[in-house]
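Undergrad: My structure is stored as structure_11.cif, with mmCIF, C-alpha atoms.
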data_target
loop_
_atom_site.label_atom_id
_atom_site.label_comp_id
_atom_site.auth_asym_id
_atom_site.auth_seq_id
_atom_site.Cartn_x
_atom_site.Cartn_y
_atom_site.Cartn_z
CA PRO G 7 22.98 -55.20 1.93
CA SER G 8 19.66 -56.98 2.42
CA MET G 9 17.92 -53.57 2.27
CA VAL G 10 19.24 -52.72 -1.21
CA ASN G 11 16.51 -52.47 -3.86
CA ARG G 12 13.73 -52.75 -1.29
CA VAL G 13 10.86 -50.30 -1.85
CA PHE G 14 9.54 -48.07 0.93
CA ASP G 15 6.50 -45.81 1.09
CA VAL G 16 7.33 -42.34 2.42
CA THR G 17 4.74 -39.71 3.39
CA VAL G 18 5.41 -36.21 4.69
CA GLN G 19 2.52 -34.06 5.92
CA GLN G 20 3.07 -30.36 6.67
CA LYS G 21 -0.17 -28.48 7.37
CA SER G 22 -1.99 -28.27 4.00
CA MET G 23 0.86 -29.83 1.96
CA LYS G 24 1.30 -33.58 1.52
CA LEU G 25 4.23 -35.36 -0.15
CA SER G 26 4.01 -39.04 -0.97
CA SER G 27 6.72 -41.14 -2.64
CA LYS G 28 7.93 -44.67 -3.27
CA VAL G 29 11.70 -44.94 -2.77
CA SER G 30 14.23 -47.74 -2.97
CA LEU G 31 17.69 -48.03 -1.39
CA GLN G 32 20.19 -47.87 -4.26
CA SER G 33 23.54 -48.06 -2.44
CA PHE G 34 25.28 -47.35 0.84
CA ASN G 35 29.01 -46.62 0.57
CA ASP G 36 31.40 -44.50 2.63
CA GLY G 37 28.64 -42.98 4.72
CA LEU G 38 26.61 -41.96 1.66
CA LEU G 39 23.13 -43.36 1.29
CA ARG G 40 21.59 -43.09 -2.18
CA LEU G 41 17.85 -43.47 -2.60
CA ARG G 42 15.98 -43.64 -5.87
CA SER G 43 12.57 -42.02 -5.90
CA LEU G 44 10.41 -44.20 -8.14
CA LYS G 45 7.09 -42.38 -7.98
CA GLY G 46 6.04 -39.36 -5.98
CA SER G 47 3.31 -36.74 -5.69
CA ILE G 48 2.80 -33.41 -3.97
CA LYS G 49 -0.62 -32.03 -3.06
CA THR G 50 -1.26 -28.44 -1.98
CA PRO G 51 -4.39 -26.26 -1.99
CA PHE G 52 -3.13 -24.59 -5.20
CA VAL G 53 -1.57 -27.37 -7.28
CA GLU G 54 -1.25 -31.16 -7.50
CA LEU G 55 2.00 -32.54 -8.85
CA GLU G 56 3.04 -36.00 -10.07
CA GLN G 57 6.68 -37.02 -10.37
CA ALA G 58 7.56 -37.31 -14.07
CA SER G 59 10.57 -39.66 -13.84
CA GLU G 60 12.82 -41.44 -11.37
CA SER G 61 15.34 -39.34 -9.46
CA THR G 62 18.20 -39.88 -7.03
CA LEU G 63 18.46 -38.51 -3.50
CA THR G 64 21.82 -38.54 -1.72
CA ILE G 65 21.84 -38.75 2.09
CA ALA G 66 25.02 -37.98 4.01
CA GLN G 67 25.81 -36.98 7.58
CA SER G 68 25.31 -33.38 6.52
CA GLY G 69 21.82 -33.95 5.08
CA VAL G 70 19.84 -34.70 1.92
CA THR G 71 20.64 -33.44 -1.60
CA PHE G 72 18.51 -33.73 -4.74
CA ASN G 73 18.75 -32.12 -8.21
CA ASP G 74 16.20 -31.31 -10.91
CA VAL G 75 13.38 -33.54 -9.73
CA GLN G 76 10.69 -33.04 -12.36
CA PHE G 77 6.99 -32.91 -11.47
CA LEU G 78 4.09 -32.56 -13.87
CA GLY G 79 1.06 -30.51 -12.86
CA LYS G 80 -2.20 -32.42 -12.82
CA ALA G 81 -3.88 -29.47 -14.58
CA GLY G 82 -0.92 -28.82 -16.90
CA GLY G 83 2.65 -27.56 -16.94
CA ALA G 84 5.74 -28.71 -15.07
CA ILE G 85 8.11 -27.74 -12.27
CA PHE G 86 11.74 -28.72 -11.58
CA VAL G 87 12.90 -28.80 -7.95
CA SER G 88 16.43 -28.94 -6.51
CA GLY G 89 17.59 -28.48 -2.96
CA GLN G 90 19.53 -29.34 0.15
CA ILE G 91 17.98 -30.35 3.46
CA PRO G 92 20.68 -30.36 6.18
CA CYS G 93 20.40 -32.53 9.27
CA ALA G 94 21.13 -29.47 11.40
CA GLY G 95 19.75 -26.23 10.05
CA MET G 96 17.18 -25.09 7.52
CA PRO G 97 16.79 -26.22 3.89
CA THR G 98 17.54 -24.45 0.62
CA LEU G 99 15.07 -25.05 -2.20
CA GLU G 100 15.03 -23.94 -5.82
CA GLY G 101 12.20 -24.36 -8.28
CA ARG G 102 11.66 -23.61 -11.96
CA ALA G 103 8.09 -23.52 -13.26
CA ALA G 104 7.16 -23.93 -16.93
CA SER G 105 3.54 -23.01 -17.73
CA LEU G 106 2.41 -24.60 -14.46
CA ILE G 107 -1.36 -24.31 -13.96
CA VAL G 108 -2.19 -23.06 -10.47
CA GLN G 109 -5.83 -23.01 -9.41
CA HIS G 110 -7.92 -22.43 -6.32
CA PRO G 111 -11.67 -21.91 -5.74
CA SER G 112 -11.03 -18.27 -4.78
CA PHE G 113 -9.35 -17.19 -8.04
CA PRO G 114 -9.30 -18.14 -11.74
CA PRO G 115 -6.75 -20.69 -13.05
CA LEU G 116 -3.32 -19.13 -13.66
CA ARG G 117 -0.44 -20.21 -15.87
CA VAL G 118 2.80 -19.62 -13.92
CA SER G 119 6.36 -19.55 -15.29
CA GLY G 120 9.60 -18.41 -13.69
CA ARG G 121 12.11 -19.22 -10.99
CA ALA G 122 12.12 -19.06 -7.19
CA GLU G 123 14.68 -19.84 -4.51
CA ILE G 124 14.01 -20.15 -0.78
CA SER G 125 16.62 -20.42 1.96
CA TRP G 126 16.34 -20.01 5.72
CA HIS G 127 18.50 -17.86 8.01
CA ASP G 128 17.76 -17.70 11.73
CA LYS G 129 14.42 -19.43 11.02
CA ARG G 130 13.44 -16.67 8.61
CA PRO G 131 12.86 -17.55 4.95
CA HIS G 132 14.82 -15.56 2.37
CA ILE G 133 13.05 -15.52 -0.98
CA HIS G 134 14.30 -14.65 -4.46
CA ALA G 135 11.61 -14.89 -7.12
CA ALA G 136 11.08 -13.91 -10.75
CA LEU G 137 7.62 -15.06 -11.81
CA VAL G 138 5.00 -14.35 -14.44
CA ALA G 139 1.37 -15.43 -13.97
CA ALA G 140 -1.29 -15.15 -16.66
CA ARG G 141 -4.89 -16.27 -16.94
CA LYS G 142 -5.24 -19.74 -18.39
CA GLN G 143 -8.02 -18.40 -20.60
CA ASN G 144 -7.83 -14.90 -22.08
CA LYS G 145 -11.09 -13.58 -20.67
CA GLY G 146 -12.19 -11.52 -17.69
CA ARG G 147 -10.54 -8.34 -16.42
CA PHE G 148 -7.28 -9.69 -14.99
CA ARG G 149 -4.60 -10.49 -17.58
CA THR G 150 -1.06 -10.94 -16.17
CA LEU G 151 1.00 -10.50 -13.03
CA SER G 152 4.79 -10.26 -13.13
CA CYS G 153 7.11 -9.84 -10.17
CA LEU G 154 10.81 -9.66 -9.40
CA LEU G 155 11.35 -9.55 -5.65
CA SER G 156 13.59 -10.73 -2.84
CA THR G 157 13.77 -10.66 0.95
CA THR G 158 16.84 -9.62 2.92
CA GLU G 159 17.69 -8.86 6.52
CA LYS G 160 16.16 -5.41 6.00
CA GLY G 161 12.88 -6.68 4.59
CA LEU G 162 11.13 -7.05 1.25
CA ASN G 163 12.77 -5.61 -1.87
CA ILE G 164 10.39 -5.16 -4.84
CA ARG G 165 12.22 -4.54 -8.10
CA ARG G 166 9.04 -5.06 -10.10
CA PHE G 167 5.44 -5.92 -9.31
CA ARG G 168 3.10 -5.29 -12.23
CA VAL G 169 -0.53 -6.30 -12.71
CA ARG G 170 -2.11 -5.82 -16.12
CA THR G 171 -5.82 -5.68 -16.74
CA LYS G 172 -7.68 -5.64 -20.03
CA GLU G 173 -6.99 -1.94 -20.70
CA GLY G 174 -4.65 -0.77 -17.95
CA GLN G 175 -2.00 -1.67 -15.41
CA ILE G 176 -0.54 -0.93 -12.00
CA HIS G 177 3.21 -0.98 -11.29
CA VAL G 178 4.88 -1.09 -7.84
CA THR G 179 8.58 -0.82 -6.93
CA GLY G 180 10.47 -0.17 -3.71
CA SER G 181 11.15 -1.76 -0.33
CA LEU G 182 9.33 -2.39 2.95
CA PRO G 183 10.51 -3.63 6.37
CA LEU G 184 8.28 -6.67 5.86
CA HIS G 185 9.55 -9.97 7.28
CA PHE G 186 8.21 -13.53 7.21
CA ASP G 187 8.43 -16.07 10.01
CA GLU G 188 9.14 -19.77 9.52
CA ASN G 189 5.45 -20.32 8.68
CA PHE G 190 5.59 -17.55 6.02
CA SER G 191 3.34 -15.27 8.09
CA PRO G 192 4.24 -11.62 7.28
CA SER G 193 4.84 -8.88 9.85
CA LEU G 194 5.78 -5.20 9.45
CA THR G 195 8.68 -4.19 11.69
CA ASP G 196 10.35 -0.87 12.47
CA GLY G 197 12.30 0.45 9.52
CA ARG G 198 12.35 2.69 6.48
CA LEU G 199 9.63 2.81 3.84
CA LEU G 200 10.30 3.43 0.15
CA LEU G 201 7.51 2.44 -2.20
CA THR G 202 6.28 3.85 -5.51
CA MET G 203 3.01 2.95 -7.23
CA ASN G 204 1.88 4.07 -10.68
CA GLY G 205 -1.47 3.12 -12.14
CA GLN G 206 -3.14 3.84 -15.48
CA ASN G 207 -6.76 2.82 -16.10
CA PHE G 208 -6.31 -0.12 -13.72
CA ASP G 209 -9.56 -2.09 -13.56
CA LEU G 210 -10.38 -2.49 -9.86
CA GLY G 211 -12.96 -5.13 -10.76
CA CYS G 212 -10.13 -7.63 -11.27
CA LEU G 213 -9.60 -7.67 -7.49
CA ARG G 214 -12.98 -9.35 -7.12
CA GLU G 215 -11.95 -12.01 -9.62
CA VAL G 216 -9.00 -12.89 -7.37
CA ALA G 217 -10.86 -12.42 -4.05
CA PRO G 218 -14.67 -12.70 -4.44
CA SER G 219 -15.18 -11.21 -0.96
CA MET G 220 -13.72 -7.86 -2.06
CA PRO G 221 -16.39 -5.11 -1.80
CA ILE G 222 -15.14 -3.29 -4.93
CA THR G 223 -16.94 -4.62 -8.01
CA ALA G 224 -15.88 -2.06 -10.63
CA GLY G 225 -13.85 1.09 -11.17
CA LEU G 226 -10.88 2.51 -13.08
CA LEU G 227 -7.88 3.67 -11.03
CA THR G 228 -5.29 6.16 -12.27
CA GLY G 229 -2.65 7.69 -10.04
CA SER G 230 0.87 7.93 -8.74
CA LEU G 231 1.75 7.45 -5.05
CA GLN G 232 5.07 7.54 -3.19
CA LEU G 233 5.38 6.12 0.33
CA ALA G 234 8.48 7.16 2.30
CA GLY G 235 9.64 7.81 5.86
CA THR G 236 9.44 5.15 8.57
CA THR G 237 6.73 2.89 9.93
CA ASP G 238 6.36 5.24 12.93
CA ASN G 239 6.29 8.38 10.77
CA PRO G 240 5.18 7.52 7.22
CA SER G 241 4.94 10.11 4.45
CA LEU G 242 2.59 9.60 1.53
CA LYS G 243 2.31 11.90 -1.47
CA GLY G 244 0.88 11.79 -4.96
CA TYR G 245 -2.58 11.71 -6.50
CA MET G 246 -5.25 9.17 -7.29
CA ALA G 247 -8.50 9.17 -9.22
CA VAL G 248 -11.26 6.56 -9.45
CA SER G 249 -14.05 6.68 -12.00
CA GLU G 250 -17.04 4.45 -12.81
CA GLY G 251 -16.69 2.77 -9.42
CA ASN G 252 -19.10 0.38 -7.69
CA LEU G 253 -18.79 -0.60 -4.03
CA ASN G 254 -20.83 -3.10 -2.03
CA LEU G 255 -21.58 -1.80 1.47
CA PRO G 256 -21.58 -4.14 4.53
CA GLY G 257 -24.71 -5.79 5.85
CA THR G 258 -27.95 -4.84 4.13
CA LEU G 259 -26.91 -1.30 3.20
CA GLY G 260 -26.82 -2.03 -0.51
CA ALA G 261 -24.23 -0.47 -2.80
CA LEU G 262 -22.61 2.76 -3.94
CA ASP G 263 -22.81 3.21 -7.71
CA ASP G 264 -21.19 5.57 -10.23
CA VAL G 265 -18.49 6.45 -7.70
CA ALA G 266 -16.04 9.16 -8.74
CA PHE G 267 -13.14 10.05 -6.46
CA GLN G 268 -10.17 12.33 -6.98
CA ALA G 269 -7.65 13.28 -4.30
CA THR G 270 -4.15 14.68 -3.83
CA LEU G 271 -1.85 13.54 -1.03
CA GLN G 272 1.06 15.50 0.40
CA ASP G 273 3.02 14.34 3.45
CA SER G 274 0.36 13.63 6.10
CA SER G 275 -2.60 15.33 4.44
CA LEU G 276 -5.20 14.37 1.85
CA VAL G 277 -7.25 16.84 -0.17
CA VAL G 278 -10.43 15.38 -1.66
CA GLU G 279 -11.14 17.34 -4.81
CA GLU G 280 -14.14 15.25 -5.83
CA MET G 281 -16.22 12.54 -4.19
CA ALA G 282 -19.50 11.65 -5.86
CA GLY G 283 -21.82 8.71 -6.40
CA SER G 284 -25.28 7.31 -5.67
CA TRP G 285 -26.60 5.05 -2.94
CA ASN G 286 -28.83 2.24 -4.19
CA SER G 287 -29.52 4.40 -7.28
CA LEU G 288 -31.81 6.58 -5.15
CA LEU G 289 -29.72 8.99 -3.11
CA LYS G 290 -27.14 10.95 -5.10
CA PHE G 291 -24.27 12.82 -3.44
CA ASP G 292 -21.46 15.07 -4.63
CA CYS G 293 -18.95 16.83 -2.38
CA SER G 294 -15.60 18.52 -2.89
CA HIS G 295 -12.86 20.59 -1.21
CA ILE G 296 -12.36 18.42 1.87
CA ALA G 297 -8.94 18.12 3.50
CA VAL G 298 -7.82 15.34 5.84
CA THR G 299 -4.68 16.38 7.73
CA SER G 300 -2.35 15.08 10.43
CA ILE G 301 -2.92 11.43 9.57
CA ARG G 302 -1.25 8.98 11.99
CA LEU G 303 -1.27 5.21 11.53
CA THR G 304 0.06 4.13 14.94
CA PRO G 305 -0.91 3.24 17.60
CA MET G 306 -4.37 3.99 16.18
CA LEU G 307 -5.75 5.80 13.16
CA THR G 308 -6.20 9.49 13.89
CA ALA G 309 -6.77 12.44 11.58
CA SER G 310 -8.02 16.00 11.43
CA ILE G 311 -10.67 16.90 8.88
CA VAL G 312 -11.02 20.39 7.46
CA ALA G 313 -13.33 21.69 4.73
CA ASP G 314 -12.91 25.34 3.77
CA GLY G 315 -15.44 26.47 1.21
CA GLY G 316 -16.57 22.90 0.52
CA ASN G 317 -19.61 21.93 -1.50
CA LEU G 318 -22.18 19.23 -0.80
CA SER G 319 -25.12 18.15 -2.93
CA ILE G 320 -27.60 15.45 -1.86
CA ASN G 321 -30.60 14.68 -4.07
CA GLY G 322 -30.91 18.21 -5.35
CA PHE G 323 -30.25 19.91 -2.00
CA ASN G 324 -27.12 22.04 -2.30
CA ALA G 325 -24.90 23.45 0.45
CA GLU G 326 -22.07 25.73 -0.61
CA GLY G 327 -19.20 27.29 1.30
CA ILE G 328 -19.14 24.63 4.02
CA ASP G 329 -16.56 25.07 6.77
CA PHE G 330 -15.91 21.92 8.76
CA HIS G 331 -13.27 21.32 11.40
CA GLY G 332 -13.19 17.98 13.16
CA ASN G 333 -11.06 15.16 14.51
CA PHE G 334 -11.30 11.51 13.65
CA ALA G 335 -9.96 8.68 15.80
CA THR G 336 -10.64 4.99 16.21
CA LYS G 337 -11.53 5.48 19.88
CA ASN G 338 -13.96 8.42 19.67
CA LEU G 339 -15.29 7.97 16.16
CA LEU G 340 -15.97 11.60 15.23
CA SER G 341 -16.02 14.97 16.93
CA GLY G 342 -16.02 18.45 15.47
CA THR G 343 -18.05 21.46 14.41
CA LEU G 344 -19.90 22.16 11.20
CA LYS G 345 -20.76 25.56 9.74
CA ALA G 346 -22.67 25.98 6.49
CA GLU G 347 -22.61 29.57 5.31
CA ARG G 348 -24.87 29.28 2.26
CA ILE G 349 -27.64 26.75 1.77
CA GLY G 350 -29.96 26.77 -1.23
CA TRP G 351 -31.82 24.66 -3.75
CA LEU G 352 -30.45 23.71 -7.13
CA SER G 353 -32.35 25.03 -10.12
CA GLU G 354 -33.19 21.46 -11.13
CA THR G 355 -34.28 19.68 -7.97
CA SER G 356 -35.03 16.00 -7.64
CA GLU G 357 -37.55 14.46 -5.30
CA MET G 358 -36.36 14.61 -1.70
CA LEU G 359 -36.45 11.59 0.57
CA SER G 360 -39.81 10.90 2.14
CA GLU G 361 -40.02 10.21 5.87
CA GLU G 362 -40.93 6.58 5.12
CA LYS G 363 -37.88 6.12 2.86
CA LEU G 364 -35.61 7.81 5.42
CA ARG G 365 -36.80 5.44 8.16
CA GLU G 366 -36.07 2.52 5.83
CA TYR G 367 -32.46 3.67 5.32
CA ILE G 368 -31.97 4.18 9.07
CA ALA G 369 -33.29 0.66 9.73
CA ARG G 370 -30.75 -0.74 7.26
CA ALA G 371 -27.87 1.03 8.96
CA GLU G 372 -28.84 0.18 12.53
CA PRO G 373 -27.46 -3.43 12.67
CA ILE G 374 -23.88 -2.36 11.85
CA VAL G 375 -23.66 0.82 13.94
CA GLN G 376 -21.89 -0.38 17.08
CA SER G 377 -19.66 2.57 18.05
CA LYS G 378 -20.75 5.67 19.92
CA PHE G 379 -19.67 9.04 18.59
CA LYS G 380 -19.96 12.69 19.43
CA LEU G 381 -20.96 15.32 16.88
CA ASP G 382 -21.23 19.03 17.67
CA LEU G 383 -23.33 20.62 14.95
CA LYS G 384 -23.79 24.31 14.26
CA VAL G 385 -25.60 25.60 11.19
CA ASP G 386 -25.78 29.29 10.26
CA THR G 387 -28.22 30.33 7.52
CA PRO G 388 -28.83 33.80 6.04
#
Kindly present the structure from the file in structure tokens form.
TA:
Amino acid sequence: PSMVNRVFDVTVQQKSMKLSSKVSLQSFNDGLLRLRSLKGSIKTPFVELEQASESTLTIAQSGVTFNDVQFLGKAGGAIFVSGQIPCAGMPTLEGRAASLIVQHPSFPPLRVSGRAEISWHDKRPHIHAALVAARKQNKGRFRTLSCLLSTTEKGLNIRRFRVRTKEGQIHVTGSLPLHFDENFSPSLTDGRLLLTMNGQNFDLGCLREVAPSMPITAGLLTGSLQLAGTTDNPSLKGYMAVSEGNLNLPGTLGALDDVAFQATLQDSSLVVEEMAGSWNSLLKFDCSHIAVTSIRLTPMLTASIVADGGNLSINGFNAEGIDFHGNFATKNLLSGTLKAERIGWLSETSEMLSEEKLREYIARAEPIVQSKFKLDLKVDTP
């Protein structure tokens, strides 16, 4: 009885999350301990929350129960949390967000609304979420993200995952054998794949707004892809096209500008119908009719590359009717043979690379070339 109405400071630290609260003992009857939370706060890398009003926590031999504890976001919005934390076992938590502002240095502030529930089975979290996230300010390329997903014993089930940009969108549905451990670290296990992606004028530049380290700075993606099969034997089919793309290359290699890419995928093959662009606005390239076949993802990336009647243009130098047969693997980077049946100059030629400029490009590439590779080259000219 002497403990009733006394106030205690409680702090819980779990990695990057910190919960602090002032609680008082309200009553203790028939094995039930009731605590009143007077003032609390939660700090995470994405949001800081302050408890809006007092709430009651019930502690029994089975565990802790709390209902609709309201927190206000420091940057705006609110969240309501309910849950059960058993003495033996894993907790069940449910949250409802109302225009909660989530922010982090690596992405723009987002306004999040929706509902999420997390429970644990055999130390694996099971998640059910229906969320909508939009930019706090209506500017930039990214507009909204909406998702309706859940995790089961078989993996991740995606009923809807849609990202809208200023003039386009990308929509993903399906399921993956993707599981999360108790620390929410994902891992892909053996199982069936069933995933569909449809994109229409999706602005790839929005990826850089979310992750500034992304090498893609611009581009419009349109396509439809279907992933099926199993993790050991995946099957990918569909088509994709990228226009007006810009890509930052690693190290001091500069950038690829005005990238245009169009390809068709069927089972384990990829046919590149167009691949064009310019390097540092000096070297322009354009190639087509290249097929990548027999793609395998495990245990390492391997593929066969075939070009029958391909075309290649580099700074006004044109090679037509290229036949190329080679193998690509992560262990021996590239091996194959090359045969160019017709080589000629375009009617409108641009200035070719000087020896000095060529040496400069080679010097740029040298710091990042670490792997050895074998290339058998054979050129036949008329």
Undergrad: Using only C-alpha atoms, find each residue of stretch 71-136 of chain G with at least one atom at most 12 Å away from an atom of stretch 34-45 of chain G; report its shortest atom-to-atom pair and that distance in Å (one decimal), sort the rows by chain and rising residue number, and return the result as CSV.
TA:
residue,atom,partner,partner_atom,distance
G:Thr71,CA,G:Arg40,CA,9.7
G:Phe72,CA,G:Leu41,CA,10.0
G:Asn73,CA,G:Ser43,CA,11.9
G:Val75,CA,G:Ser43,CA,9.3
G:Gln76,CA,G:Lys45,CA,10.9
G:Phe77,CA,G:Lys45,CA,10.1
G:Leu78,CA,G:Lys45,CA,11.8
Undergrad: Would you write out those residues with C-alpha atoms, as a CSV table (one decimal), in the frame of the given file?
TA:
chain,number,residue,atom,x,y,z
G,71,THR,CA,20.6,-33.4,-1.6
G,72,PHE,CA,18.5,-33.7,-4.7
G,73,ASN,CA,18.8,-32.1,-8.2
G,75,VAL,CA,13.4,-33.5,-9.7
G,76,GLN,CA,10.7,-33.0,-12.4
G,77,PHE,CA,7.0,-32.9,-11.5
G,78,LEU,CA,4.1,-32.6,-13.9
Undergrad: Measuring between only C-alpha atoms, which one of G:Gln90, G:Ser30, G:Asn286, G:Asn204 shows the shortest distance to G:Ala247?
TA: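 Of G:Gln90, G:Ser30, G:Asn286, G:Asn204, the one nearest G:Ala247 is G:Asn204, counting only C-alpha atoms.
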Undergrad: So, counting only C-alpha atoms, which residue among G:Pro111, G:Pro240, G:Gly79, G:Gly69 is closest to G:Glu56?
TA: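 Result for the nearest residue to G:Glu56: G:Gly79.
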Undergrad: Would you compute the distance between atom CA of G:Met281 and atom CA of G:Asp263? Give it in Å to one decimal.
TA: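 Answer for the atom CA of G:Met281 to atom CA of G:Asp263 separation: 12.0 Å.
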Undergrad: Looking at G:Phe113, G:Phe148, G:Trp126, G:Phe291, which one is nearest to G:Pro218, with distances taken over all atoms listed in the file?
TA: G:Phe113
Undergrad: So the first atom is atom CA of G:Gln57 and the second is atom CA of G:Ile107; what is the distance between them in Å, to one decimal place?
TA: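 Answer for the atom CA of G:Gln57 to atom CA of G:Ile107 separation: 15.5 Å.
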Undergrad: Compare G:Cys153, G:Met96, G:Ile164, G:Leu31 by their minimum atom-to-atom distance to G:Pro131, counting all atoms listed in the file, and give me the closest one.
TA: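 Residue with the minimum atom-to-atom distance to G:Pro131: G:Met96.
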Undergrad: Rounded to one decimal place, report the atom CA of G:Ser156-atom CA of G:Ser105 distance in Å.
TA: 21.8 Å
Undergrad: Run through the PyMOL selection byres ((chain G and resi 110) around 10) on the given coordinates and return the selected residues as a VMD selection string.
TA: chain G and resid 50 to 53 108 to 109 111 to 116 216
Undergrad: Measuring atom to atom with all atoms listed in the file, identify which of G:Ile85, G:Val277, G:Leu55, G:Leu233 is nearest to G:Gly101.
TA: G:Ile85
Undergrad: Given the file shown, enumerate the residues that the PyMOL selection byres ((chain G and resi 250-257) around 6) captures and present them as a ChimeraX atom specification.
TA: /G:221-225,249,258-265
Undergrad: Supply stretch 206-219 of chain G as a PDB file, in the frame of the given file, with N, CA and C atoms built in where the input has gaps.
TA:
ATOM      1  N   GLN G 206      -2.522   3.210 -14.319  1.00  0.00           N
ATOM      2  CA  GLN G 206      -3.140   3.840 -15.480  1.00  0.00           C
ATOM      3  C   GLN G 206      -4.322   3.000 -15.927  1.00  0.00           C
ATOM      4  N   ASN G 207      -5.531   3.525 -15.711  1.00  0.00           N
ATOM      5  CA  ASN G 207      -6.760   2.820 -16.100  1.00  0.00           C
ATOM      6  C   ASN G 207      -6.790   1.385 -15.567  1.00  0.00           C
ATOM      7  N   PHE G 208      -6.322   1.212 -14.335  1.00  0.00           N
ATOM      8  CA  PHE G 208      -6.310  -0.120 -13.720  1.00  0.00           C
ATOM      9  C   PHE G 208      -7.731  -0.496 -13.316  1.00  0.00           C
ATOM     10  N   ASP G 209      -8.192  -1.634 -13.802  1.00  0.00           N
ATOM     11  CA  ASP G 209      -9.560  -2.090 -13.560  1.00  0.00           C
ATOM     12  C   ASP G 209      -9.649  -2.718 -12.169  1.00  0.00           C
ATOM     13  N   LEU G 210     -10.268  -1.992 -11.233  1.00  0.00           N
ATOM     14  CA  LEU G 210     -10.380  -2.490  -9.860  1.00  0.00           C
ATOM     15  C   LEU G 210     -11.278  -3.721  -9.764  1.00  0.00           C
ATOM     16  N   GLY G 211     -12.102  -3.954 -10.775  1.00  0.00           N
ATOM     17  CA  GLY G 211     -12.960  -5.130 -10.760  1.00  0.00           C
ATOM     18  C   GLY G 211     -12.185  -6.430 -10.787  1.00  0.00           C
ATOM     19  N   CYS G 212     -10.913  -6.397 -11.236  1.00  0.00           N
ATOM     20  CA  CYS G 212     -10.130  -7.630 -11.270  1.00  0.00           C
ATOM     21  C   CYS G 212      -9.814  -8.128  -9.870  1.00  0.00           C
ATOM     22  N   LEU G 213      -9.851  -7.237  -8.861  1.00  0.00           N
ATOM     23  CA  LEU G 213      -9.600  -7.670  -7.490  1.00  0.00           C
ATOM     24  C   LEU G 213     -10.676  -8.651  -7.031  1.00  0.00           C
ATOM     25  N   ARG G 214     -11.884  -8.444  -7.490  1.00  0.00           N
ATOM     26  CA  ARG G 214     -12.980  -9.350  -7.120  1.00  0.00           C
ATOM     27  C   ARG G 214     -12.832 -10.703  -7.804  1.00  0.00           C
ATOM     28  N   GLU G 215     -12.192 -10.727  -8.962  1.00  0.00           N
ATOM     29  CA  GLU G 215     -11.950 -12.010  -9.620  1.00  0.00           C
ATOM     30  C   GLU G 215     -10.948 -12.846  -8.822  1.00  0.00           C
ATOM     31  N   VAL G 216      -9.992 -12.183  -8.178  1.00  0.00           N
ATOM     32  CA  VAL G 216      -9.000 -12.890  -7.370  1.00  0.00           C
ATOM     33  C   VAL G 216      -9.546 -13.202  -5.985  1.00  0.00           C
ATOM     34  N   ALA G 217     -10.279 -12.242  -5.388  1.00  0.00           N
ATOM     35  CA  ALA G 217     -10.860 -12.420  -4.050  1.00  0.00           C
ATOM     36  C   ALA G 217     -12.327 -12.037  -4.115  1.00  0.00           C
ATOM     37  N   PRO G 218     -13.242 -13.003  -4.274  1.00  0.00           N
ATOM     38  CA  PRO G 218     -14.670 -12.700  -4.440  1.00  0.00           C
ATOM     39  C   PRO G 218     -15.275 -11.926  -3.272  1.00  0.00           C
ATOM     40  N   SER G 219     -14.641 -11.937  -2.109  1.00  0.00           N
ATOM     41  CA  SER G 219     -15.180 -11.210  -0.960  1.00  0.00           C
ATOM     42  C   SER G 219     -14.870  -9.720  -0.998  1.00  0.00           C
TER      43      SER G 219
END
